[in-house]
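Peer 1: Input structure: data-v7.cif, which contains mmCIF, C-alpha atoms.
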```
data_entry
loop_
_atom_site.group_PDB
_atom_site.id
_atom_site.type_symbol
_atom_site.label_atom_id
_atom_site.label_comp_id
_atom_site.auth_asym_id
_atom_site.auth_seq_id
_atom_site.Cartn_x
_atom_site.Cartn_y
_atom_site.Cartn_z
ATOM 1 C CA MET R 167 30.175 -7.814 79.954
ATOM 2 C CA SER R 168 30.611 -10.212 82.824
ATOM 3 C CA ASN R 169 30.203 -7.647 85.576
ATOM 4 C CA LYS R 170 26.892 -5.739 85.514
ATOM 5 C CA THR R 171 28.227 -2.857 87.643
ATOM 6 C CA GLU R 172 30.782 -2.038 84.948
ATOM 7 C CA ASN R 173 29.269 0.404 82.437
ATOM 8 C CA LYS R 174 31.312 1.086 79.312
ATOM 9 C CA MET R 175 29.396 4.338 78.694
ATOM 10 C CA ARG R 176 31.030 5.721 81.866
ATOM 11 C CA ASP R 177 34.593 5.066 80.648
ATOM 12 C CA LEU R 178 36.661 8.218 80.152
ATOM 13 C CA ARG R 179 38.510 8.795 76.898
ATOM 14 C CA VAL R 180 40.528 11.533 75.221
ATOM 15 C CA GLU R 181 38.225 13.367 72.811
ATOM 16 C CA LYS R 182 40.961 15.575 71.364
ATOM 17 C CA LEU R 183 44.399 17.026 71.971
ATOM 18 C CA VAL R 184 45.077 20.643 71.014
ATOM 19 C CA LEU R 185 48.694 21.683 70.465
ATOM 20 C CA ASN R 186 49.379 25.423 70.501
ATOM 21 C CA ILE R 187 52.490 27.501 69.848
ATOM 22 C CA SER R 188 52.015 31.178 70.615
ATOM 23 C CA VAL R 189 54.791 33.145 68.926
ATOM 24 C CA GLY R 190 53.519 36.671 69.555
ATOM 25 C CA GLU R 191 54.383 37.989 66.098
ATOM 26 C CA SER R 192 53.603 37.213 62.482
ATOM 27 C CA GLY R 193 56.166 36.455 59.830
ATOM 28 C CA ASP R 194 59.023 34.010 59.632
ATOM 29 C CA ARG R 195 58.970 32.803 63.273
ATOM 30 C CA LEU R 196 55.276 31.921 62.965
ATOM 31 C CA THR R 197 55.890 30.000 59.732
ATOM 32 C CA ARG R 198 58.705 28.018 61.362
ATOM 33 C CA ALA R 199 56.504 27.258 64.394
ATOM 34 C CA SER R 200 53.796 26.018 62.010
ATOM 35 C CA LYS R 201 56.319 23.675 60.409
ATOM 36 C CA VAL R 202 57.230 22.278 63.838
ATOM 37 C CA LEU R 203 53.580 21.515 64.602
ATOM 38 C CA GLU R 204 53.063 20.025 61.148
ATOM 39 C CA GLN R 205 56.104 17.784 61.652
ATOM 40 C CA LEU R 206 54.800 16.624 65.020
ATOM 41 C CA SER R 207 51.158 16.008 64.118
ATOM 42 C CA GLU R 208 51.385 15.298 60.362
ATOM 43 C CA GLN R 209 48.273 17.458 59.906
ATOM 44 C CA LYS R 210 47.440 20.894 58.523
ATOM 45 C CA VAL R 211 48.088 23.727 60.990
ATOM 46 C CA VAL R 212 45.719 26.642 61.633
ATOM 47 C CA GLN R 213 47.051 30.114 62.418
ATOM 48 C CA SER R 214 45.319 32.228 65.076
ATOM 49 C CA LYS R 215 44.833 35.999 64.990
ATOM 50 C CA ALA R 216 45.118 38.555 67.772
ATOM 51 C CA ARG R 217 41.748 39.627 69.160
ATOM 52 C CA TYR R 218 42.812 43.200 69.858
ATOM 53 C CA THR R 219 45.789 45.565 69.622
ATOM 54 C CA LEU R 220 48.321 45.584 72.457
ATOM 55 C CA ARG R 221 50.883 48.332 71.913
ATOM 56 C CA GLY R 222 53.041 47.131 74.796
ATOM 57 C CA PHE R 223 53.569 43.786 73.056
ATOM 58 C CA GLY R 224 53.682 45.323 69.576
ATOM 59 C CA ILE R 225 50.776 43.327 68.127
ATOM 60 C CA ARG R 226 47.849 44.614 66.114
ATOM 61 C CA ARG R 227 44.279 43.363 65.882
ATOM 62 C CA ASN R 228 43.806 40.483 63.371
ATOM 63 C CA GLU R 229 47.571 39.963 63.081
ATOM 64 C CA LYS R 230 48.490 36.271 63.023
ATOM 65 C CA ILE R 231 50.393 35.558 66.240
ATOM 66 C CA ALA R 232 49.965 31.833 67.002
ATOM 67 C CA CYS R 233 49.331 28.449 65.429
ATOM 68 C CA HIS R 234 47.496 25.375 66.658
ATOM 69 C CA VAL R 235 46.437 21.917 65.548
ATOM 70 C CA THR R 236 43.762 19.523 66.850
ATOM 71 C CA VAL R 237 44.638 15.829 66.956
ATOM 72 C CA ARG R 238 42.213 12.974 67.703
ATOM 73 C CA GLY R 239 42.354 9.219 68.161
ATOM 74 C CA ASP R 240 45.476 7.083 68.524
ATOM 75 C CA LYS R 241 47.725 9.844 67.181
ATOM 76 C CA ALA R 242 46.545 12.124 70.012
ATOM 77 C CA MET R 243 47.366 9.479 72.624
ATOM 78 C CA GLU R 244 50.823 8.925 71.136
ATOM 79 C CA ILE R 245 51.672 12.654 71.146
ATOM 80 C CA LEU R 246 50.212 13.058 74.651
ATOM 81 C CA GLU R 247 52.388 10.179 75.864
ATOM 82 C CA ARG R 248 55.492 11.888 74.453
ATOM 83 C CA GLY R 249 54.532 15.201 76.056
ATOM 84 C CA LEU R 250 53.920 13.616 79.445
ATOM 85 C CA LYS R 251 57.256 11.806 79.255
ATOM 86 C CA VAL R 252 58.903 15.260 79.088
ATOM 87 C CA LYS R 253 56.945 16.295 82.213
ATOM 88 C CA GLU R 254 57.862 12.939 83.837
ATOM 89 C CA TYR R 255 54.153 12.014 84.091
ATOM 90 C CA GLU R 256 53.589 14.545 86.871
ATOM 91 C CA LEU R 257 50.922 17.255 86.755
ATOM 92 C CA GLU R 258 49.705 19.569 89.488
ATOM 93 C CA LYS R 259 46.099 19.844 90.628
ATOM 94 C CA ARG R 260 45.835 23.273 89.002
ATOM 95 C CA ASN R 261 46.528 21.695 85.587
ATOM 96 C CA PHE R 262 43.036 20.122 85.723
ATOM 97 C CA SER R 263 39.916 22.214 85.028
ATOM 98 C CA GLU R 264 36.525 21.869 86.721
ATOM 99 C CA THR R 265 35.074 20.407 83.506
ATOM 100 C CA GLY R 266 37.530 17.514 83.610
ATOM 101 C CA ASN R 267 39.978 18.720 80.961
ATOM 102 C CA PHE R 268 43.672 19.294 81.573
ATOM 103 C CA GLY R 269 46.608 21.084 80.038
ATOM 104 C CA PHE R 270 50.317 21.632 80.438
ATOM 105 C CA GLY R 271 53.226 23.233 78.629
ATOM 106 C CA ILE R 272 56.717 22.239 77.588
ATOM 107 C CA THR R 273 59.624 24.596 76.955
ATOM 108 C CA GLU R 274 61.437 22.837 74.101
ATOM 109 C CA HIS R 275 59.857 20.927 71.236
ATOM 110 C CA ILE R 276 63.023 18.887 70.667
ATOM 111 C CA ASP R 277 62.278 16.998 73.917
ATOM 112 C CA LEU R 278 59.419 15.302 72.028
ATOM 113 C CA GLY R 279 61.866 13.480 69.796
ATOM 114 C CA LEU R 280 61.954 15.932 66.894
ATOM 115 C CA LYS R 281 65.359 16.684 65.381
ATOM 116 C CA TYR R 282 66.913 20.059 66.130
ATOM 117 C CA ASP R 283 67.249 22.283 63.087
ATOM 118 C CA PRO R 284 69.291 25.504 63.538
ATOM 119 C CA ASN R 285 67.178 27.249 60.877
ATOM 120 C CA THR R 286 63.966 26.500 62.776
ATOM 121 C CA GLY R 287 65.079 27.210 66.336
ATOM 122 C CA ILE R 288 63.438 25.946 69.522
ATOM 123 C CA TYR R 289 59.776 26.499 70.393
ATOM 124 C CA GLY R 290 57.765 25.793 73.511
ATOM 125 C CA MET R 291 54.198 24.584 73.186
ATOM 126 C CA ASP R 292 50.986 24.064 75.116
ATOM 127 C CA PHE R 293 49.121 20.760 75.289
ATOM 128 C CA TYR R 294 45.408 20.838 76.099
ATOM 129 C CA VAL R 295 43.455 17.601 76.460
ATOM 130 C CA VAL R 296 39.644 17.483 76.257
ATOM 131 C CA MET R 297 38.160 14.470 78.039
ATOM 132 C CA GLY R 298 34.769 12.918 77.351
ATOM 133 C CA ARG R 299 32.592 9.850 77.508
ATOM 134 C CA LYS R 300 30.746 7.857 74.894
ATOM 135 C CA GLY R 301 27.352 9.430 74.220
ATOM 136 C CA TRP R 302 28.624 13.007 74.611
ATOM 137 C CA ARG R 303 27.724 13.645 70.958
ATOM 138 C CA VAL R 304 24.012 13.512 71.874
ATOM 139 C CA SER R 305 24.268 17.034 73.312
ATOM 140 C CA LYS R 306 26.159 18.425 70.281
ATOM 141 C CA ARG R 307 24.549 16.881 67.193
ATOM 142 C CA LYS R 308 22.069 18.707 64.919
ATOM 143 C CA LYS R 309 19.181 16.225 64.834
ATOM 144 C CA CYS R 310 17.485 14.831 67.964
ATOM 145 C CA ARG R 311 19.681 16.858 70.310
ATOM 146 C CA ARG R 312 19.199 16.096 73.998
ATOM 147 C CA ARG R 313 20.679 17.281 77.262
ATOM 148 C CA LEU R 314 23.195 15.178 79.130
ATOM 149 C CA GLY R 315 22.485 14.051 82.655
ATOM 150 C CA VAL R 316 24.605 15.520 85.424
ATOM 151 C CA ASN R 317 26.180 12.095 86.075
ATOM 152 C CA HIS R 318 27.465 11.885 82.497
ATOM 153 C CA LYS R 319 29.516 15.087 82.716
ATOM 154 C CA VAL R 320 33.220 14.717 83.423
ATOM 155 C CA THR R 321 34.595 16.194 86.648
ATOM 156 C CA ARG R 322 38.074 17.144 87.820
ATOM 157 C CA ASN R 323 38.331 14.261 90.306
ATOM 158 C CA GLU R 324 37.332 11.658 87.702
ATOM 159 C CA THR R 325 39.951 12.924 85.273
ATOM 160 C CA MET R 326 42.629 12.988 87.963
ATOM 161 C CA ALA R 327 41.763 9.372 88.901
ATOM 162 C CA TRP R 328 41.863 8.368 85.196
ATOM 163 C CA PHE R 329 45.254 10.079 84.800
ATOM 164 C CA GLN R 330 46.754 8.298 87.808
ATOM 165 C CA LYS R 331 45.418 4.923 86.668
ATOM 166 C CA LYS R 332 46.569 5.382 83.067
ATOM 167 C CA PHE R 333 50.033 6.883 83.538
ATOM 168 C CA GLU R 334 51.301 5.574 86.884
#
```
Please express the file's structure as structure tokens.

Peer 2:
Amino acid sequence: MSNKTENKMRDLRVEKLVLNISVGESGDRLTRASKVLEQLSEQKVVQSKARYTLRGFGIRRNEKIACHVTVRGDKAMEILERGLKVKEYELEKRNFSETGNFGFGITEHIDLGLKYDPNTGIYGMDFYVVMGRKGWRVSKRKKCRRRLGVNHKVTRNETMAWFQKKFE
């Protein structure tokens, strides 16, 4: 490190990317949506259950209605890049949370470069990105757990600055 003011522990990085497709019903559509996510991430997909019954939407409690996958590392950055290309690298201020994370949605999965299959159909999906810094694990690990200082937490403005620097 040539410059002493530059601290690599303060550098922001993508901890994880969560991809979610909420179908709203169990059955064949949910299975096809799971296949889309599996194709995109090349990982095992987890199916989510409804928390409670909503008669207006026709869903029951504990019925599987959505699927999601968590991607980390270089694969997460590659998928995020493809998703942002669909959004033309533009996000609104309301896409960023107070804790420094951000999310957005796309309407068609085929915009990500996946081939269209008439049997599968077209699904929209949500991208949610969790930001962090090196050393964040200290507050989450089992042994020798410690609290993080207030300066180490990620804020909305820091993430927005990181986003502009990285993608513009």

Peer 1: If you take all atoms listed in the file and a cut-off of 9 Å, which residues of range 206-248 of chain R touch range 274-283 of chain R, and what are their nearest atom pairs and distances in Å to one decimal, in chain and number order, as a Markdown table?

Peer 2:
```
| residue | atom | partner | partner_atom | distance |
| --- | --- | --- | --- | --- |
| R:Leu206 | CA | R:Leu280 | CA | 7.4 |
| R:Ile245 | CA | R:Leu278 | CA | 8.2 |
| R:Arg248 | CA | R:Leu278 | CA | 5.7 |
```

Peer 1: For the structure provided, state which residues fall under the PyMOL selection byres ((chain R and resi 191-199) around 6), and present them as a list in words.

Peer 2: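 Residues picked by the PyMOL selection byres ((chain R and resi 191-199) around 6): Val189, Gly190, Ser200, Lys201, Val202, Lys230, Ile231 and Thr286 of chain R.
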
Peer 1: Enter the distance from CA of Arg307 in chain R to CA of Lys241 in chain R, in Å, rounded to one decimal.

Peer 2: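 Pair CA of Arg307 in chain R / CA of Lys241 in chain R returns 24.2 Å.
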
Peer 1: Rank nothing, just name the residue among R:Ser214, R:Thr321, R:Gln205, R:Gln330 nearest to Asn228 in chain R, using only C-alpha atoms.

Peer 2: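 Between R:Ser214, R:Thr321, R:Gln205, R:Gln330, the residue approaching Asn228 in chain R most closely is R:Ser214.
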
Peer 1: Residues near Ile272 in chain R, anyone? I mean within 10 Å using only C-alpha atoms, not counting same-chain ones fewer than 5 positions away, as a list in words.

Peer 2: Gly249, Leu250, Val252, Lys253, Asp277, Leu278, Tyr289, Gly290, Met291, Asp292 and Phe293 of chain R

Peer 1: Mind dumping the selected residues with C-alpha atoms as a compact mmCIF listing (two decimals), in the coordinates of the input?

Peer 2:
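Dumped everything to out-v8.txt:
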```txt
# COMPACT_ATOMS: atom_id res chain seq x y z
CA GLY R 249 54.53 15.20 76.06
CA LEU R 250 53.92 13.62 79.44
CA VAL R 252 58.90 15.26 79.09
CA LYS R 253 56.94 16.30 82.21
CA ASP R 277 62.28 17.00 73.92
CA LEU R 278 59.42 15.30 72.03
CA TYR R 289 59.78 26.50 70.39
CA GLY R 290 57.76 25.79 73.51
CA MET R 291 54.20 24.58 73.19
CA ASP R 292 50.99 24.06 75.12
CA PHE R 293 49.12 20.76 75.29
```

Peer 1: If we draw a sphere of 12 Å around (22.5, 13.0, 81.6), which residues have at least one atom in it when counting only C-alpha atoms? Please report them as a PyMOL selection string.

Peer 2: chain R and resi 175-176+299-305+312-320

Peer 1: Phe333 in chain R: which residues within 10 Å, counting all atoms listed in the file, same-chain residues fewer than 5 positions away excluded, as a VMD selection string?

Peer 2: chain R and resid 247 250 to 251 254 to 256 328

Peer 1: Evaluating the PyMOL selection byres ((chain R and resi 322) around 8) on the displayed file yields which residues, as number ranges by chain?

Peer 2: R: 262-267, 320-321, 323-326

Peer 1: Work out how far apart CA of Asn261 in chain R and CA of Val235 in chain R are and give it in Å to one decimal.

Peer 2: 20.0 Å

Peer 1: Counting all atoms listed in the file, note down every residue that has an atom within 9 Å of the point (41.7, 24.0, 68.6) (file coordinates), as a PyMOL selection string.

Peer 2: chain R and resi 182-186+212+234-237+294
